[in-house]
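Okay, coords-v7.txt is below, compact mmCIF, C-alpha atoms and all ligand atoms:
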```txt
# COMPACT_ATOMS: atom_id res chain seq x y z
CA MET A 1 -53.69 67.24 30.15
CA ALA A 2 -53.82 66.80 26.38
CA ASN A 3 -56.93 64.64 26.42
CA LEU A 4 -58.57 65.06 29.83
CA ILE A 5 -62.02 66.69 29.84
CA THR A 6 -63.47 67.97 33.11
CA ILE A 7 -67.25 67.55 33.34
CA LEU A 8 -68.83 69.80 35.95
CA ASN A 9 -72.39 69.76 37.22
CA GLY A 10 -73.92 72.36 39.49
CA PRO A 11 -76.51 72.41 42.24
CA ASN A 12 -79.27 69.80 42.50
CA LEU A 13 -78.04 67.78 39.54
CA ASN A 14 -77.14 65.02 42.00
CA LEU A 15 -80.94 64.42 41.94
CA LEU A 16 -80.94 63.71 38.21
CA GLY A 17 -83.10 60.70 37.34
CA GLN A 18 -84.59 60.62 40.83
CA ARG A 19 -86.97 63.61 40.79
CA GLU A 20 -88.79 65.68 38.14
CA PRO A 21 -88.36 63.18 35.27
CA GLU A 22 -90.74 65.26 33.12
CA LYS A 23 -88.15 68.06 33.11
CA TYR A 24 -84.84 66.24 33.37
CA GLY A 25 -85.48 62.64 32.29
CA THR A 26 -84.82 59.37 34.06
CA THR A 27 -81.08 58.97 33.52
CA THR A 28 -79.08 59.40 36.72
CA LEU A 29 -75.98 61.55 37.00
CA ALA A 30 -73.87 58.43 37.60
CA GLU A 31 -75.21 57.01 34.32
CA VAL A 32 -74.48 60.25 32.45
CA GLU A 33 -70.94 60.27 33.83
CA SER A 34 -70.34 56.66 32.84
CA GLN A 35 -71.81 57.22 29.34
CA CYS A 36 -69.45 60.18 28.95
CA ALA A 37 -66.46 58.12 30.11
CA ALA A 38 -67.32 55.38 27.57
CA LEU A 39 -67.76 57.82 24.68
CA ALA A 40 -64.61 59.69 25.66
CA GLY A 41 -62.68 56.43 25.33
CA GLU A 42 -64.00 55.99 21.77
CA LEU A 43 -63.00 59.58 20.97
CA GLY A 44 -59.49 59.22 22.36
CA LEU A 45 -60.35 61.40 25.35
CA ALA A 46 -60.66 60.81 29.08
CA THR A 47 -63.09 62.40 31.51
CA GLU A 48 -63.19 63.38 35.14
CA ALA A 49 -66.58 64.28 36.54
CA PHE A 50 -67.52 66.41 39.52
CA GLN A 51 -70.83 67.66 40.88
CA SER A 52 -71.34 70.10 43.70
CA ASN A 53 -74.12 72.01 45.36
CA HIS A 54 -71.57 74.65 46.40
CA GLU A 55 -70.41 77.45 44.12
CA GLY A 56 -66.94 77.68 45.71
CA ALA A 57 -66.31 73.97 45.21
CA LEU A 58 -67.09 74.38 41.49
CA LEU A 59 -64.74 77.38 41.31
CA ASP A 60 -61.97 75.31 42.93
CA ARG A 61 -62.43 72.54 40.35
CA ILE A 62 -62.27 75.05 37.49
CA HIS A 63 -59.03 76.43 38.91
CA ALA A 64 -57.63 72.90 39.25
CA ALA A 65 -58.63 72.16 35.65
CA ARG A 66 -56.29 74.94 34.49
CA GLU A 67 -53.41 72.57 35.30
CA THR A 68 -54.97 69.23 34.37
CA SER A 69 -57.57 69.51 31.62
CA ALA A 70 -57.79 70.28 27.93
CA GLY A 71 -61.45 71.31 28.06
CA ILE A 72 -64.43 71.81 30.34
CA ILE A 73 -68.02 70.72 29.82
CA ILE A 74 -70.25 72.37 32.40
CA ASN A 75 -73.88 72.37 33.37
CA PRO A 76 -73.83 75.18 35.91
CA ALA A 77 -77.53 74.55 36.72
CA ALA A 78 -79.07 77.49 38.64
CA TYR A 79 -75.65 79.17 38.94
CA SER A 80 -75.84 79.77 35.16
CA HIS A 81 -78.31 82.52 35.86
CA THR A 82 -76.60 84.11 38.86
CA SER A 83 -72.87 83.56 38.94
CA VAL A 84 -70.38 86.14 37.71
CA ALA A 85 -67.84 84.16 39.76
CA LEU A 86 -68.25 81.11 37.53
CA PHE A 87 -67.86 83.32 34.44
CA ASP A 88 -64.66 84.79 35.90
CA ALA A 89 -63.22 81.39 36.83
CA LEU A 90 -64.01 79.94 33.40
CA SER A 91 -62.40 82.99 31.81
CA SER A 92 -59.14 82.03 33.53
CA PHE A 93 -59.26 78.62 31.82
CA GLU A 94 -57.48 78.58 28.48
CA GLY A 95 -59.11 75.62 26.73
CA PRO A 96 -62.58 75.24 25.22
CA VAL A 97 -65.64 75.48 27.48
CA LEU A 98 -68.96 73.97 26.43
CA GLU A 99 -72.16 74.67 28.36
CA VAL A 100 -74.90 72.07 28.62
CA HIS A 101 -78.49 72.39 29.79
CA ILE A 102 -80.66 69.32 29.88
CA SER A 103 -83.87 71.32 29.43
CA ASN A 104 -84.51 74.05 26.88
CA ILE A 105 -83.93 77.04 29.15
CA HIS A 106 -85.38 79.37 26.49
CA ARG A 107 -88.77 77.69 26.72
CA ARG A 108 -88.85 78.05 30.50
CA GLU A 109 -89.20 80.98 32.94
CA ALA A 110 -87.67 84.29 31.80
CA PHE A 111 -85.09 84.19 34.61
CA ARG A 112 -83.56 81.07 32.99
CA HIS A 113 -83.09 82.73 29.59
CA HIS A 114 -79.81 84.43 30.47
CA SER A 115 -76.67 82.53 31.43
CA TYR A 116 -73.52 84.33 32.58
CA VAL A 117 -71.52 81.28 31.52
CA SER A 118 -72.65 81.46 27.88
CA ALA A 119 -70.54 84.57 27.27
CA ARG A 120 -67.44 82.45 27.98
CA ALA A 121 -68.53 79.22 26.30
CA GLU A 122 -67.46 78.17 22.82
CA GLY A 123 -70.89 76.58 22.49
CA VAL A 124 -74.15 75.97 24.32
CA ILE A 125 -76.44 72.95 24.11
CA ALA A 126 -79.93 73.16 25.62
CA GLY A 127 -82.99 70.97 25.43
CA PHE A 128 -81.38 67.75 24.19
CA GLY A 129 -81.87 65.94 27.50
CA THR A 130 -78.86 64.18 28.94
CA GLU A 131 -77.78 63.35 25.37
CA GLY A 132 -76.51 66.94 25.37
CA TYR A 133 -73.48 65.89 27.41
CA LEU A 134 -72.54 63.32 24.76
CA LEU A 135 -73.04 65.83 21.95
CA ALA A 136 -70.83 68.28 23.83
CA LEU A 137 -68.15 65.62 24.18
CA ARG A 138 -68.19 64.97 20.42
CA ARG A 139 -67.90 68.70 19.78
CA MET A 140 -65.06 68.91 22.30
CA ALA A 141 -63.19 66.19 20.39
CA SER A 142 -63.60 68.22 17.17
CA LEU A 143 -62.46 71.45 18.80
CA LEU A 144 -59.38 69.80 20.31
CA SER A 145 -58.37 68.10 17.08
CA ALA A 146 -58.80 71.26 14.96
O1 LIG B 201 -81.74 72.29 32.15
C1 LIG B 201 -80.73 72.30 32.85
O2 LIG B 201 -79.81 71.49 32.72
C2 LIG B 201 -80.61 73.31 33.99
O3 LIG B 201 -79.26 73.72 34.07
C3 LIG B 201 -81.03 72.57 35.25
C4 LIG B 201 -81.08 73.48 36.48
C5 LIG B 201 -81.87 74.75 36.21
O4 LIG B 201 -81.77 75.62 37.32
C6 LIG B 201 -81.39 75.47 34.97
O5 LIG B 201 -82.20 76.60 34.74
C7 LIG B 201 -81.45 74.56 33.76
C8 LIG B 201 -81.71 72.75 37.65
C9 LIG B 201 -81.03 71.47 38.01
C10 LIG B 201 -81.91 70.73 38.96
O6 LIG B 201 -81.72 69.36 38.74
C11 LIG B 201 -82.67 68.52 39.22
C12 LIG B 201 -82.65 67.26 38.69
C13 LIG B 201 -83.59 66.36 39.10
C14 LIG B 201 -84.53 66.72 40.04
C15 LIG B 201 -84.53 67.99 40.57
C16 LIG B 201 -83.58 68.90 40.16
```

Would you mind writing the file out in structure tokens?
Amino acid sequence: MANLITILNGPNLNLLGQREPEKYGTTTLAEVESQCAALAGELGLATEAFQSNHEGALLDRIHAARETSAGIIINPAAYSHTSVALFDALSSFEGPVLEVHISNIHRREAFRHHSYVSARAEGVIAGFGTEGYLLALRRMASLLSA
């Protein structure tokens, strides 16, 4: 609980590194998750990672994290732009929430410029590629040690 960070990824991110490398790079989700686990170890944290293409499954993991995790790092993917339910679930979580987007959503279509999740997040990282997850983890370590 004290050092576990839940890393959540939303719809289609299971395809990371396999399609659209010009937008999302060539690193797979499995590689991102293992990079995060390694960095977490160096930071004195631990990670659990979960990806789903289903909104309800993500909500269930956020609810579970209320009992198990000190913080949440989430890339809600397309649900960022549509889901009040994710905002509500994250609002029930007491620890820090950091939002990650691999691409710079502000340089893309107008419908990607607003994220419901951002209003709940302590911070948002966008456009740093998959490195954004590692930056978020470092920030999470700072937030939890403050
Ligand atoms: O930039 C991001 O991380 C996004 O959250 C990615 C979402 C998009 O809907 C958001 O606006 C921004 C899309 C995830 C799709 O992931 C894919 C990865 C590889 C190939 C195809 C899709």

Applying 8 Å and only C-alpha atoms, which residues near region 23-37 of chain A remain after dropping the ones on its own chain fewer than 5 positions away? List them as an NGL selection string. :A and (13-18 or 46-49 or 102-103 or 129-130 or 133-134 or 137)

In terms of only C-alpha atoms, the residue from A:His81, A:Arg107, A:Arg112, A:His101 at minimal distance from Ile125 (chain A) is A:His101

Long-range neighbours of Asp88 (chain A) as a ChimeraX atom specification, 9 Å cut-off, all atoms listed in the file, 4 positions minimum in chain: /A:83-84,92,117,120

From the options A:Ile72, A:His63, A:Asn3, A:Ser115, which residue's atoms come nearest to Ser145 (chain A), counting only C-alpha atoms?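 Checking each candidate against Ser145 (chain A), we get A:Asn3 as the closest.
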
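Put simply, CA of Leu45 (chain A) is 24.9 Å away from atom O1 of ligand LIG 201 (chain B).
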
So which one's closest to ligand LIG 201 (chain B), A:Ala141, A:Ala121, A:Ala136, A:Ala78? Using all atoms listed in the file, please.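 That would be A:Ala78, the residue with the smallest distance to ligand LIG 201 (chain B).
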
Shortest interatomic distance to ligand LIG 201 (chain B) - which of A:Arg139, A:Arg66, A:His54, A:Arg19, counting all atoms listed in the file: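 That would be A:Arg19, the residue with the smallest distance to ligand LIG 201 (chain B).
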
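Closest approach to ligand LIG 201 (chain B) among A:Phe128, A:Phe87, A:Phe50, A:Phe93 is made by A:Phe128 (distances from only C-alpha atoms and all ligand atoms).
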
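Separating CA of Ala77 (chain A) from CA of Gly95 (chain A) is a distance of 21.0 Å.
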
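With only C-alpha atoms as the basis for measurement, A:Thr6 is the residue among A:Thr6, A:Asn75, A:Ser91, A:Asn104 that approaches Ala40 (chain A) most closely.
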
Could you work out how far CA of Glu131 (chain A) lies from CA of Ile62 (chain A), giving the answer in Å with one decimal?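 Between CA of Ile62 (chain A) and CA of Glu131 (chain A) the gap works out to 22.9 Å.
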
Using the file's own x, y and z axes, so that the box edges lie along x, y and z, what centre and edge lengths in Å (one decimal) does a box around every listed atom of ligand LIG 201 (chain B) get when 8 Å is added on each side? Give it as lines of an AutoDock Vina configuration file.
```
center_x = -81.9
center_y = 71.5
center_z = 36.4
size_x = 21.3
size_y = 26.2
size_z = 24.4
```

Please provide as a list in words all residues within 9 Å of Gly123 (chain A), with the sequence filter that same-chain residues fewer than 6 positions apart are discarded (counting only C-alpha atoms). Pro96, Val97, Leu98, Glu99, Val100, Ala136 and Arg139 of chain A

Which residues, written as a ChimeraX atom specification, have at least one atom at most 6 Å from Asn9 (chain A), with all atoms listed in the file counted and residues fewer than 6 positions away on the same chain left out? /A:51,74-76

Find the residues near Ala65 (chain A): any atom within 9 Å, counting only C-alpha atoms, skip ones fewer than 4 places away on the same chain, and give them as a ChimeraX atom specification. /A:1,5-6,60-61,69-72,93
